[in-house]
$ cat run03.cif   # mmCIF, N, CA and C atoms
data_protein
#
loop_
_atom_site.label_atom_id
_atom_site.label_comp_id
_atom_site.auth_asym_id
_atom_site.auth_seq_id
_atom_site.Cartn_x
_atom_site.Cartn_y
_atom_site.Cartn_z
N MET A 1 126.50 143.13 105.69
CA MET A 1 125.88 144.43 105.81
C MET A 1 125.14 144.74 104.51
N ARG A 2 123.95 145.29 104.65
CA ARG A 2 123.12 145.59 103.48
C ARG A 2 123.23 147.07 103.12
N ASN A 3 123.44 147.35 101.86
CA ASN A 3 123.52 148.72 101.38
C ASN A 3 122.10 149.25 101.16
N LEU A 4 121.68 150.22 101.92
CA LEU A 4 120.31 150.73 101.85
C LEU A 4 120.03 151.52 100.59
N SER A 5 121.05 152.03 99.94
CA SER A 5 120.81 152.80 98.72
C SER A 5 120.35 151.91 97.57
N GLN A 6 120.53 150.60 97.68
CA GLN A 6 120.11 149.68 96.63
C GLN A 6 118.76 149.05 96.93
N CYS A 7 118.11 149.54 97.94
CA CYS A 7 116.79 149.03 98.31
C CYS A 7 115.81 149.31 97.18
N THR A 8 115.02 148.32 96.80
CA THR A 8 114.13 148.47 95.66
C THR A 8 112.69 148.71 96.05
N HIS A 9 112.42 149.09 97.27
CA HIS A 9 111.05 149.37 97.69
C HIS A 9 110.55 150.61 96.97
N LYS A 10 109.38 150.50 96.38
CA LYS A 10 108.80 151.63 95.67
C LYS A 10 107.45 151.96 96.29
N ARG A 11 107.08 153.21 96.21
CA ARG A 11 105.77 153.65 96.68
C ARG A 11 104.75 153.21 95.66
N LEU A 12 103.74 152.46 96.10
CA LEU A 12 102.69 152.00 95.21
C LEU A 12 101.63 153.08 95.06
N HIS A 13 100.98 153.07 93.92
CA HIS A 13 99.95 154.07 93.66
C HIS A 13 98.68 153.76 94.45
N ASP A 14 97.91 154.81 94.72
CA ASP A 14 96.60 154.68 95.35
C ASP A 14 95.51 154.68 94.29
N ILE A 15 95.77 155.36 93.20
CA ILE A 15 94.80 155.40 92.08
C ILE A 15 95.59 155.54 90.79
N LYS A 16 95.13 154.83 89.77
CA LYS A 16 95.82 154.85 88.48
C LYS A 16 94.80 155.01 87.37
N PHE A 17 95.05 155.96 86.48
CA PHE A 17 94.20 156.25 85.33
C PHE A 17 94.87 155.70 84.08
N HIS A 18 94.19 154.83 83.33
CA HIS A 18 94.73 154.23 82.12
C HIS A 18 94.11 154.89 80.89
N LYS A 19 94.84 154.85 79.80
CA LYS A 19 94.38 155.43 78.54
C LYS A 19 93.08 154.77 78.05
N ASN A 20 92.90 153.48 78.34
CA ASN A 20 91.72 152.75 77.86
C ASN A 20 90.46 153.04 78.67
N GLY A 21 90.57 153.84 79.74
CA GLY A 21 89.39 154.22 80.52
C GLY A 21 89.28 153.53 81.86
N ASN A 22 90.14 152.56 82.14
CA ASN A 22 90.11 151.91 83.45
C ASN A 22 90.75 152.79 84.51
N ILE A 23 90.11 152.86 85.66
CA ILE A 23 90.64 153.58 86.81
C ILE A 23 90.71 152.57 87.95
N ASP A 24 91.92 152.29 88.43
CA ASP A 24 92.12 151.34 89.51
C ASP A 24 92.30 152.10 90.82
N ILE A 25 91.54 151.70 91.83
CA ILE A 25 91.58 152.36 93.14
C ILE A 25 91.98 151.34 94.18
N CYS A 26 92.98 151.68 95.01
CA CYS A 26 93.46 150.73 96.01
C CYS A 26 92.57 150.72 97.26
N GLN A 27 92.84 149.75 98.12
CA GLN A 27 92.02 149.56 99.30
C GLN A 27 92.10 150.74 100.27
N SER A 28 93.27 151.34 100.44
CA SER A 28 93.40 152.43 101.41
C SER A 28 92.57 153.65 101.00
N LEU A 29 92.51 153.95 99.70
CA LEU A 29 91.69 155.06 99.23
C LEU A 29 90.21 154.72 99.35
N SER A 30 89.86 153.47 99.11
CA SER A 30 88.46 153.03 99.28
C SER A 30 88.00 153.24 100.71
N LYS A 31 88.87 152.94 101.65
CA LYS A 31 88.52 153.12 103.07
C LYS A 31 88.40 154.59 103.43
N LEU A 32 89.31 155.41 102.90
CA LEU A 32 89.28 156.84 103.21
C LEU A 32 87.96 157.48 102.79
N LEU A 33 87.50 157.14 101.59
CA LEU A 33 86.28 157.74 101.06
C LEU A 33 85.04 156.89 101.33
N ASP A 34 85.23 155.77 102.01
CA ASP A 34 84.13 154.86 102.33
C ASP A 34 83.40 154.44 101.05
N LEU A 35 84.17 153.98 100.06
CA LEU A 35 83.60 153.60 98.76
C LEU A 35 83.00 152.20 98.81
N ARG A 36 81.84 152.06 98.24
CA ARG A 36 81.14 150.78 98.13
C ARG A 36 80.68 150.61 96.69
N ALA A 37 80.28 149.41 96.35
CA ALA A 37 79.76 149.14 95.01
C ALA A 37 78.57 150.04 94.73
N GLY A 38 78.58 150.70 93.59
CA GLY A 38 77.48 151.58 93.20
C GLY A 38 77.72 153.04 93.51
N ASP A 39 78.72 153.36 94.35
CA ASP A 39 79.03 154.77 94.62
C ASP A 39 79.59 155.41 93.36
N VAL A 40 79.49 156.73 93.29
CA VAL A 40 79.96 157.48 92.12
C VAL A 40 81.07 158.42 92.56
N ILE A 41 82.17 158.42 91.80
CA ILE A 41 83.30 159.30 92.10
C ILE A 41 83.48 160.29 90.97
N ASP A 42 84.27 161.33 91.25
CA ASP A 42 84.62 162.30 90.23
C ASP A 42 85.98 162.88 90.58
N VAL A 43 86.66 163.43 89.60
CA VAL A 43 87.93 164.11 89.81
C VAL A 43 87.72 165.57 89.48
N VAL A 44 88.09 166.45 90.42
CA VAL A 44 87.94 167.89 90.21
C VAL A 44 89.29 168.57 90.41
N GLU A 45 89.44 169.73 89.79
CA GLU A 45 90.65 170.53 89.93
C GLU A 45 90.30 171.79 90.69
N ASP A 46 91.07 172.07 91.73
CA ASP A 46 90.85 173.27 92.54
C ASP A 46 92.21 173.88 92.83
N ASN A 47 92.46 175.09 92.34
CA ASN A 47 93.76 175.77 92.51
C ASN A 47 94.92 174.90 92.02
N GLU A 48 94.79 174.34 90.82
CA GLU A 48 95.80 173.50 90.17
C GLU A 48 96.12 172.22 90.94
N GLN A 49 95.27 171.83 91.86
CA GLN A 49 95.42 170.57 92.61
C GLN A 49 94.25 169.66 92.25
N LEU A 50 94.53 168.40 91.93
CA LEU A 50 93.48 167.45 91.62
C LEU A 50 92.98 166.77 92.90
N TYR A 51 91.67 166.55 92.95
CA TYR A 51 91.03 165.87 94.07
C TYR A 51 90.11 164.79 93.53
N ILE A 52 90.01 163.69 94.25
CA ILE A 52 89.00 162.70 93.96
C ILE A 52 87.89 162.88 94.98
N ILE A 53 86.66 162.93 94.52
CA ILE A 53 85.54 163.14 95.44
C ILE A 53 84.51 162.03 95.27
N LYS A 54 83.82 161.75 96.36
CA LYS A 54 82.71 160.79 96.33
C LYS A 54 81.45 161.61 96.18
N ARG A 55 80.80 161.49 95.02
CA ARG A 55 79.64 162.33 94.70
C ARG A 55 78.32 161.75 95.16
N TYR A 56 78.18 160.43 95.14
CA TYR A 56 76.86 159.86 95.32
C TYR A 56 76.97 158.50 95.96
N ASN A 57 76.15 158.25 96.97
CA ASN A 57 76.05 156.93 97.57
C ASN A 57 75.03 156.14 96.76
N GLY A 58 75.51 155.26 95.94
CA GLY A 58 74.63 154.54 95.01
C GLY A 58 73.82 153.45 95.67
N LYS A 59 72.54 153.58 95.62
CA LYS A 59 71.64 152.55 96.13
C LYS A 59 70.91 151.87 94.98
N ALA A 60 70.57 152.63 93.95
CA ALA A 60 69.83 152.06 92.82
C ALA A 60 70.18 152.83 91.56
N GLY A 61 70.00 152.19 90.45
CA GLY A 61 70.23 152.85 89.18
C GLY A 61 71.62 152.65 88.65
N ARG A 62 71.82 153.15 87.45
CA ARG A 62 73.13 153.05 86.80
C ARG A 62 73.61 154.47 86.53
N HIS A 63 74.84 154.75 86.92
CA HIS A 63 75.38 156.10 86.80
C HIS A 63 76.75 156.05 86.13
N ARG A 64 77.19 157.18 85.60
CA ARG A 64 78.55 157.30 85.09
C ARG A 64 79.51 157.31 86.27
N ASN A 65 80.72 156.82 86.06
CA ASN A 65 81.79 156.82 87.06
C ASN A 65 81.42 156.01 88.30
N MET A 66 80.73 154.90 88.09
CA MET A 66 80.26 154.08 89.20
C MET A 66 81.32 153.07 89.62
N ILE A 67 81.45 152.87 90.92
CA ILE A 67 82.42 151.95 91.52
C ILE A 67 81.99 150.50 91.32
N HIS A 68 82.96 149.66 90.93
CA HIS A 68 82.76 148.22 90.85
C HIS A 68 83.88 147.55 91.64
N PRO A 69 83.56 146.77 92.68
CA PRO A 69 84.64 146.11 93.45
C PRO A 69 85.32 145.04 92.61
N THR A 70 86.64 144.89 92.77
CA THR A 70 87.36 143.87 92.04
C THR A 70 87.74 142.70 92.93
N TYR A 71 87.99 142.94 94.21
CA TYR A 71 88.32 141.89 95.16
C TYR A 71 87.43 142.04 96.37
N GLY A 72 86.59 141.07 96.64
CA GLY A 72 85.73 141.14 97.81
C GLY A 72 84.57 142.09 97.60
N LYS A 73 83.68 142.08 98.53
CA LYS A 73 82.46 142.90 98.40
C LYS A 73 82.57 144.25 99.11
N THR A 74 83.33 144.33 100.20
CA THR A 74 83.41 145.59 100.94
C THR A 74 84.87 145.98 101.14
N TYR A 75 85.13 147.25 101.04
CA TYR A 75 86.44 147.84 101.33
C TYR A 75 87.61 147.15 100.63
N GLY A 76 87.42 146.76 99.40
CA GLY A 76 88.51 146.17 98.65
C GLY A 76 88.98 147.10 97.57
N HIS A 77 89.79 146.55 96.69
CA HIS A 77 90.19 147.31 95.52
C HIS A 77 88.97 147.53 94.63
N CYS A 78 88.93 148.67 93.98
CA CYS A 78 87.78 149.02 93.14
C CYS A 78 88.26 149.39 91.75
N ARG A 79 87.32 149.36 90.83
CA ARG A 79 87.60 149.80 89.47
C ARG A 79 86.42 150.63 88.99
N VAL A 80 86.76 151.64 88.23
CA VAL A 80 85.77 152.50 87.58
C VAL A 80 86.15 152.54 86.11
N TYR A 81 85.17 152.56 85.23
CA TYR A 81 85.46 152.73 83.82
C TYR A 81 84.87 154.06 83.35
N SER A 82 85.75 154.95 82.92
CA SER A 82 85.32 156.24 82.38
C SER A 82 86.38 156.75 81.42
N LYS A 83 86.16 156.54 80.17
CA LYS A 83 87.10 156.99 79.14
C LYS A 83 87.23 158.52 79.17
N GLU A 84 86.12 159.20 79.38
CA GLU A 84 86.12 160.66 79.40
C GLU A 84 86.97 161.20 80.57
N MET A 85 86.78 160.64 81.77
CA MET A 85 87.53 161.11 82.93
C MET A 85 89.03 160.83 82.76
N CYS A 86 89.37 159.64 82.27
CA CYS A 86 90.78 159.30 82.06
C CYS A 86 91.44 160.22 81.04
N THR A 87 90.75 160.46 79.94
CA THR A 87 91.30 161.34 78.91
C THR A 87 91.55 162.74 79.46
N ASN A 88 90.61 163.26 80.24
CA ASN A 88 90.77 164.60 80.81
C ASN A 88 91.92 164.66 81.80
N VAL A 89 92.06 163.66 82.67
CA VAL A 89 93.15 163.65 83.65
C VAL A 89 94.49 163.52 82.94
N LEU A 90 94.58 162.65 81.94
CA LEU A 90 95.83 162.50 81.19
C LEU A 90 96.21 163.78 80.47
N GLU A 91 95.24 164.49 79.93
CA GLU A 91 95.52 165.76 79.24
C GLU A 91 96.00 166.83 80.22
N VAL A 92 95.37 166.90 81.38
CA VAL A 92 95.75 167.91 82.37
C VAL A 92 97.20 167.71 82.83
N LYS A 93 97.60 166.45 82.96
CA LYS A 93 98.96 166.15 83.45
C LYS A 93 99.95 165.80 82.34
N ASN A 94 99.56 166.02 81.07
CA ASN A 94 100.43 165.78 79.91
C ASN A 94 100.99 164.36 79.85
N ALA A 95 100.15 163.38 80.09
CA ALA A 95 100.55 161.97 79.99
C ALA A 95 99.84 161.37 78.77
N THR A 96 100.39 160.27 78.25
CA THR A 96 99.79 159.65 77.07
C THR A 96 99.23 158.26 77.33
N GLN A 97 99.84 157.46 78.19
CA GLN A 97 99.42 156.07 78.41
C GLN A 97 98.70 155.88 79.75
N TYR A 98 99.30 156.35 80.82
CA TYR A 98 98.72 156.19 82.16
C TYR A 98 99.31 157.25 83.08
N ILE A 99 98.68 157.44 84.22
CA ILE A 99 99.23 158.28 85.27
C ILE A 99 98.80 157.70 86.61
N SER A 100 99.76 157.60 87.52
CA SER A 100 99.50 157.07 88.85
C SER A 100 99.60 158.20 89.87
N PHE A 101 98.77 158.12 90.89
CA PHE A 101 98.79 159.11 91.96
C PHE A 101 98.86 158.39 93.30
N PHE A 102 99.45 159.04 94.27
CA PHE A 102 99.20 158.63 95.64
C PHE A 102 98.49 159.78 96.31
N THR A 103 97.88 159.51 97.44
CA THR A 103 97.02 160.52 98.07
C THR A 103 97.65 161.05 99.34
N SER A 104 97.11 162.16 99.81
CA SER A 104 97.59 162.76 101.05
C SER A 104 97.07 162.01 102.27
N HIS A 105 96.13 161.10 102.08
CA HIS A 105 95.47 160.35 103.16
C HIS A 105 94.82 161.28 104.18
N GLU A 106 94.37 162.40 103.69
CA GLU A 106 93.66 163.36 104.52
C GLU A 106 92.36 163.73 103.82
N VAL A 107 91.24 163.41 104.45
CA VAL A 107 89.94 163.71 103.87
C VAL A 107 89.57 165.15 104.18
N VAL A 108 89.19 165.89 103.14
CA VAL A 108 88.78 167.28 103.29
C VAL A 108 87.38 167.44 102.71
N GLU A 109 86.73 168.53 103.05
CA GLU A 109 85.42 168.86 102.51
C GLU A 109 85.63 169.79 101.32
N LEU A 110 85.13 169.40 100.14
CA LEU A 110 85.30 170.19 98.94
C LEU A 110 83.98 170.21 98.18
N TYR A 111 83.41 171.39 98.02
CA TYR A 111 82.11 171.55 97.34
C TYR A 111 81.02 170.71 97.99
N GLY A 112 81.12 170.49 99.28
CA GLY A 112 80.10 169.73 100.00
C GLY A 112 80.27 168.23 99.94
N TYR A 113 81.40 167.75 99.40
CA TYR A 113 81.66 166.31 99.28
C TYR A 113 82.96 165.95 100.00
N LYS A 114 83.09 164.67 100.37
CA LYS A 114 84.35 164.17 100.91
C LYS A 114 85.35 164.10 99.77
N ALA A 115 86.56 164.62 100.00
CA ALA A 115 87.57 164.66 98.93
C ALA A 115 88.94 164.32 99.49
N VAL A 116 89.80 163.80 98.62
CA VAL A 116 91.19 163.50 98.95
C VAL A 116 92.05 164.04 97.82
N SER A 117 93.13 164.75 98.18
CA SER A 117 94.00 165.33 97.14
C SER A 117 94.86 164.24 96.50
N LEU A 118 95.15 164.42 95.21
CA LEU A 118 95.94 163.48 94.44
C LEU A 118 97.31 164.08 94.13
N ILE A 119 98.36 163.32 94.40
CA ILE A 119 99.73 163.76 94.17
C ILE A 119 100.33 162.86 93.08
N PRO A 120 100.79 163.41 91.95
CA PRO A 120 101.33 162.57 90.87
C PRO A 120 102.52 161.75 91.34
N LEU A 121 102.53 160.48 90.93
CA LEU A 121 103.59 159.56 91.31
C LEU A 121 104.43 159.17 90.10
N SER A 122 103.78 158.71 89.04
CA SER A 122 104.48 158.35 87.81
C SER A 122 103.52 158.45 86.63
N TRP A 123 104.08 158.66 85.45
CA TRP A 123 103.25 158.75 84.25
C TRP A 123 104.08 158.37 83.03
N LYS A 124 103.37 158.08 81.97
CA LYS A 124 104.03 157.74 80.71
C LYS A 124 103.20 158.28 79.57
#
$ encode --input "run03.cif" --output "structure tokens"
Amino acid sequence: MRNLSQCTHKRLHDIKFHKNGNIDICQSLSKLLDLRAGDVIDVVEDNEQLYIIKRYNGKAGRHRNMIHPTYGKTYGHCRVYSKEMCTNVLEVKNATQYISFFTSHEVVELYGYKAVSLIPLSWK
């Protein structure tokens, strides 16, 4: 018989902000927001709740907070580099090294953009 209280399954993060500016986005969040290479994301605070929003469908040019796929070309894990965004999110949540979030998996309309709420999972 297996003791279920010793089960080591942990909830994995959907998005993780690192102190060095790397932002890792998992495949499920990429699908929710329909993120592709060149798209631009942002994190906004509304009523003390953080949201990730897709601001721009990137077709040409270079922008801040631009999506770069890490595995595969479509609907894979993504990475964004933004030291400014990471620093601001870490300060808002009083973290020093990193902070991980999972999402509500519910897309809402916020300021005219597709958005998903972020729920803190772990931080250091």
$ residues_around --input "run03.cif" --residues "Val89 (chain A)" --least-positions-apart "6" --cutoff "9 Å" --atoms "only C-alpha atoms" --output "number ranges by chain"
A: 17, 43, 50, 95, 99
$ closest_residue --input "run03.cif" --among "A:Asn22, A:Gln97, A:Gln49, A:Ser30" --to "Val80 (chain A)" --atoms "all atoms listed in the file"
A:Asn22
$ resolve_selection --input "run03.cif" --expression "the PyMOL selection byres ((chain A and resi 83) around 6.5)" --output "list in words"
Lys19, Asn20, Gly21, Asn22, Tyr81, Ser82, Glu84, Met85, Cys86, Thr87 and Asn88 of chain A
$ atom_distance --input "run03.cif" --atom1 "atom C of Ser28 (chain A)" --atom2 "atom N of Asn47 (chain A)"
23.1 Å
$ atom_distance --input "run03.cif" --atom1 "atom C of Thr96 (chain A)" --atom2 "atom C of Trp123 (chain A)"
7.5 Å
$ residues_around --input "run03.cif" --residues "Thr103 (chain A)" --least-positions-apart "5" --cutoff "8 Å" --atoms "only N, CA and C atoms" --output "number ranges by chain"
A: 12-15, 29, 116-120
$ atom_distance --input "run03.cif" --atom1 "CA of Leu33 (chain A)" --atom2 "atom C of Lys114 (chain A)"
6.6 Å
$ select_by_dssp --input "run03.cif" --residues "chain A" --states "helix (DSSP H, G or I)" --output "PDB file with N, CA and C atoms, keeping the file's coordinate frame"
ATOM      1  N   LEU A   4     121.680 150.220 101.920  1.00  0.00           N
ATOM      2  CA  LEU A   4     120.310 150.730 101.850  1.00  0.00           C
ATOM      3  C   LEU A   4     120.030 151.520 100.590  1.00  0.00           C
ATOM      4  N   SER A   5     121.050 152.030  99.940  1.00  0.00           N
ATOM      5  CA  SER A   5     120.810 152.800  98.720  1.00  0.00           C
ATOM      6  C   SER A   5     120.350 151.910  97.570  1.00  0.00           C
ATOM      7  N   GLN A   6     120.530 150.600  97.680  1.00  0.00           N
ATOM      8  CA  GLN A   6     120.110 149.680  96.630  1.00  0.00           C
ATOM      9  C   GLN A   6     118.760 149.050  96.930  1.00  0.00           C
ATOM     10  N   GLN A  27      92.840 149.750  98.120  1.00  0.00           N
ATOM     11  CA  GLN A  27      92.020 149.560  99.300  1.00  0.00           C
ATOM     12  C   GLN A  27      92.100 150.740 100.270  1.00  0.00           C
ATOM     13  N   SER A  28      93.270 151.340 100.440  1.00  0.00           N
ATOM     14  CA  SER A  28      93.400 152.430 101.410  1.00  0.00           C
ATOM     15  C   SER A  28      92.570 153.650 101.000  1.00  0.00           C
ATOM     16  N   LEU A  29      92.510 153.950  99.700  1.00  0.00           N
ATOM     17  CA  LEU A  29      91.690 155.060  99.230  1.00  0.00           C
ATOM     18  C   LEU A  29      90.210 154.720  99.350  1.00  0.00           C
ATOM     19  N   SER A  30      89.860 153.470  99.110  1.00  0.00           N
ATOM     20  CA  SER A  30      88.460 153.030  99.280  1.00  0.00           C
ATOM     21  C   SER A  30      88.000 153.240 100.710  1.00  0.00           C
ATOM     22  N   LYS A  31      88.870 152.940 101.650  1.00  0.00           N
ATOM     23  CA  LYS A  31      88.520 153.120 103.070  1.00  0.00           C
ATOM     24  C   LYS A  31      88.400 154.590 103.430  1.00  0.00           C
ATOM     25  N   LEU A  32      89.310 155.410 102.900  1.00  0.00           N
ATOM     26  CA  LEU A  32      89.280 156.840 103.210  1.00  0.00           C
ATOM     27  C   LEU A  32      87.960 157.480 102.790  1.00  0.00           C
ATOM     28  N   LEU A  33      87.500 157.140 101.590  1.00  0.00           N
ATOM     29  CA  LEU A  33      86.280 157.740 101.060  1.00  0.00           C
ATOM     30  C   LEU A  33      85.040 156.890 101.330  1.00  0.00           C
ATOM     31  N   LYS A  83      86.160 156.540  80.170  1.00  0.00           N
ATOM     32  CA  LYS A  83      87.100 156.990  79.140  1.00  0.00           C
ATOM     33  C   LYS A  83      87.230 158.520  79.170  1.00  0.00           C
ATOM     34  N   GLU A  84      86.120 159.200  79.380  1.00  0.00           N
ATOM     35  CA  GLU A  84      86.120 160.660  79.400  1.00  0.00           C
ATOM     36  C   GLU A  84      86.970 161.200  80.570  1.00  0.00           C
ATOM     37  N   MET A  85      86.780 160.640  81.770  1.00  0.00           N
ATOM     38  CA  MET A  85      87.530 161.110  82.930  1.00  0.00           C
ATOM     39  C   MET A  85      89.030 160.830  82.760  1.00  0.00           C
ATOM     40  N   CYS A  86      89.370 159.640  82.270  1.00  0.00           N
ATOM     41  CA  CYS A  86      90.780 159.300  82.060  1.00  0.00           C
ATOM     42  C   CYS A  86      91.440 160.220  81.040  1.00  0.00           C
ATOM     43  N   THR A  87      90.750 160.460  79.940  1.00  0.00           N
ATOM     44  CA  THR A  87      91.300 161.340  78.910  1.00  0.00           C
ATOM     45  C   THR A  87      91.550 162.740  79.460  1.00  0.00           C
ATOM     46  N   ASN A  88      90.610 163.260  80.240  1.00  0.00           N
ATOM     47  CA  ASN A  88      90.770 164.600  80.810  1.00  0.00           C
ATOM     48  C   ASN A  88      91.920 164.660  81.800  1.00  0.00           C
ATOM     49  N   VAL A  89      92.060 163.660  82.670  1.00  0.00           N
ATOM     50  CA  VAL A  89      93.150 163.650  83.650  1.00  0.00           C
ATOM     51  C   VAL A  89      94.490 163.520  82.940  1.00  0.00           C
ATOM     52  N   LEU A  90      94.580 162.650  81.940  1.00  0.00           N
ATOM     53  CA  LEU A  90      95.830 162.500  81.190  1.00  0.00           C
ATOM     54  C   LEU A  90      96.210 163.780  80.470  1.00  0.00           C
ATOM     55  N   GLU A  91      95.240 164.490  79.930  1.00  0.00           N
ATOM     56  CA  GLU A  91      95.520 165.760  79.240  1.00  0.00           C
ATOM     57  C   GLU A  91      96.000 166.830  80.220  1.00  0.00           C
ATOM     58  N   VAL A  92      95.370 166.900  81.380  1.00  0.00           N
ATOM     59  CA  VAL A  92      95.750 167.910  82.370  1.00  0.00           C
ATOM     60  C   VAL A  92      97.200 167.710  82.830  1.00  0.00           C
TER      61      VAL A  92
END
$ select_by_dssp --input "run03.cif" --residues "region 16-118 of chain A" --states "strand (DSSP E or B)" --output "ChimeraX atom specification"
/A:16-18,22-25,40-46,49-56,66,68-69,78-81,98-110,113-118
$ residues_near_point --input "run03.cif" --point "(86.7, 164.6, 95.1)" --cutoff "7 Å" --atoms "only C-alpha atoms" --output "compact mmCIF listing (two decimals) with N, CA and C atoms, keeping the file's coordinate frame"
# COMPACT_ATOMS: atom_id res chain seq x y z
N ILE A 41 82.17 158.42 91.80
CA ILE A 41 83.30 159.30 92.10
C ILE A 41 83.48 160.29 90.97
N ASP A 42 84.27 161.33 91.25
CA ASP A 42 84.62 162.30 90.23
C ASP A 42 85.98 162.88 90.58
N VAL A 43 86.66 163.43 89.60
CA VAL A 43 87.93 164.11 89.81
C VAL A 43 87.72 165.57 89.48
N VAL A 44 88.09 166.45 90.42
CA VAL A 44 87.94 167.89 90.21
C VAL A 44 89.29 168.57 90.41
N TYR A 51 91.67 166.55 92.95
CA TYR A 51 91.03 165.87 94.07
C TYR A 51 90.11 164.79 93.53
N ILE A 52 90.01 163.69 94.25
CA ILE A 52 89.00 162.70 93.96
C ILE A 52 87.89 162.88 94.98
N ILE A 53 86.66 162.93 94.52
CA ILE A 53 85.54 163.14 95.44
C ILE A 53 84.51 162.03 95.27
N LYS A 54 83.82 161.75 96.36
CA LYS A 54 82.71 160.79 96.33
C LYS A 54 81.45 161.61 96.18
N LEU A 110 85.13 169.40 100.14
CA LEU A 110 85.30 170.19 98.94
C LEU A 110 83.98 170.21 98.18
N TYR A 113 81.40 167.75 99.40
CA TYR A 113 81.66 166.31 99.28
C TYR A 113 82.96 165.95 100.00
N LYS A 114 83.09 164.67 100.37
CA LYS A 114 84.35 164.17 100.91
C LYS A 114 85.35 164.10 99.77
N ALA A 115 86.56 164.62 100.00
CA ALA A 115 87.57 164.66 98.93
C ALA A 115 88.94 164.32 99.49
N VAL A 116 89.80 163.80 98.62
CA VAL A 116 91.19 163.50 98.95
C VAL A 116 92.05 164.04 97.82
$ closest_residue --input "run03.cif" --among "A:Arg79, A:His68, A:Arg36, A:His63" --to "Asp24 (chain A)" --atoms "only N, CA and C atoms"
A:Arg79
$ decode --input "run03.cif" --residues "region 109-124 of chain A" --atoms "N, CA and C atoms" --output "compact mmCIF listing (two decimals), in the first residue's frame"
# COMPACT_ATOMS: atom_id res chain seq x y z
N GLU A 109 -10.39 39.69 -20.91
CA GLU A 109 -10.10 40.91 -21.65
C GLU A 109 -9.71 41.99 -20.65
N LEU A 110 -8.50 42.56 -20.79
CA LEU A 110 -8.03 43.57 -19.87
C LEU A 110 -7.37 44.68 -20.68
N TYR A 111 -7.92 45.88 -20.58
CA TYR A 111 -7.41 47.04 -21.33
C TYR A 111 -7.38 46.78 -22.84
N GLY A 112 -8.29 45.97 -23.32
CA GLY A 112 -8.36 45.69 -24.75
C GLY A 112 -7.43 44.60 -25.23
N TYR A 113 -6.76 43.89 -24.31
CA TYR A 113 -5.82 42.83 -24.67
C TYR A 113 -6.24 41.51 -24.02
N LYS A 114 -5.78 40.39 -24.60
CA LYS A 114 -5.97 39.09 -23.97
C LYS A 114 -5.06 39.01 -22.76
N ALA A 115 -5.61 38.58 -21.62
CA ALA A 115 -4.82 38.54 -20.38
C ALA A 115 -5.13 37.28 -19.60
N VAL A 116 -4.16 36.85 -18.79
CA VAL A 116 -4.31 35.70 -17.90
C VAL A 116 -3.76 36.12 -16.54
N SER A 117 -4.52 35.83 -15.47
CA SER A 117 -4.07 36.22 -14.13
C SER A 117 -2.95 35.30 -13.65
N LEU A 118 -2.04 35.87 -12.87
CA LEU A 118 -0.89 35.15 -12.34
C LEU A 118 -1.07 34.94 -10.83
N ILE A 119 -0.87 33.69 -10.39
CA ILE A 119 -1.02 33.33 -8.99
C ILE A 119 0.36 32.90 -8.48
N PRO A 120 0.92 33.55 -7.46
CA PRO A 120 2.26 33.18 -6.97
C PRO A 120 2.33 31.73 -6.52
N LEU A 121 3.41 31.06 -6.91
CA LEU A 121 3.60 29.66 -6.57
C LEU A 121 4.77 29.49 -5.60
N SER A 122 5.93 30.05 -5.94
CA SER A 122 7.09 30.00 -5.07
C SER A 122 8.02 31.16 -5.39
N TRP A 123 8.82 31.54 -4.41
CA TRP A 123 9.77 32.64 -4.61
C TRP A 123 10.93 32.49 -3.64
N LYS A 124 11.99 33.20 -3.96
CA LYS A 124 13.17 33.19 -3.10
C LYS A 124 13.80 34.56 -3.14
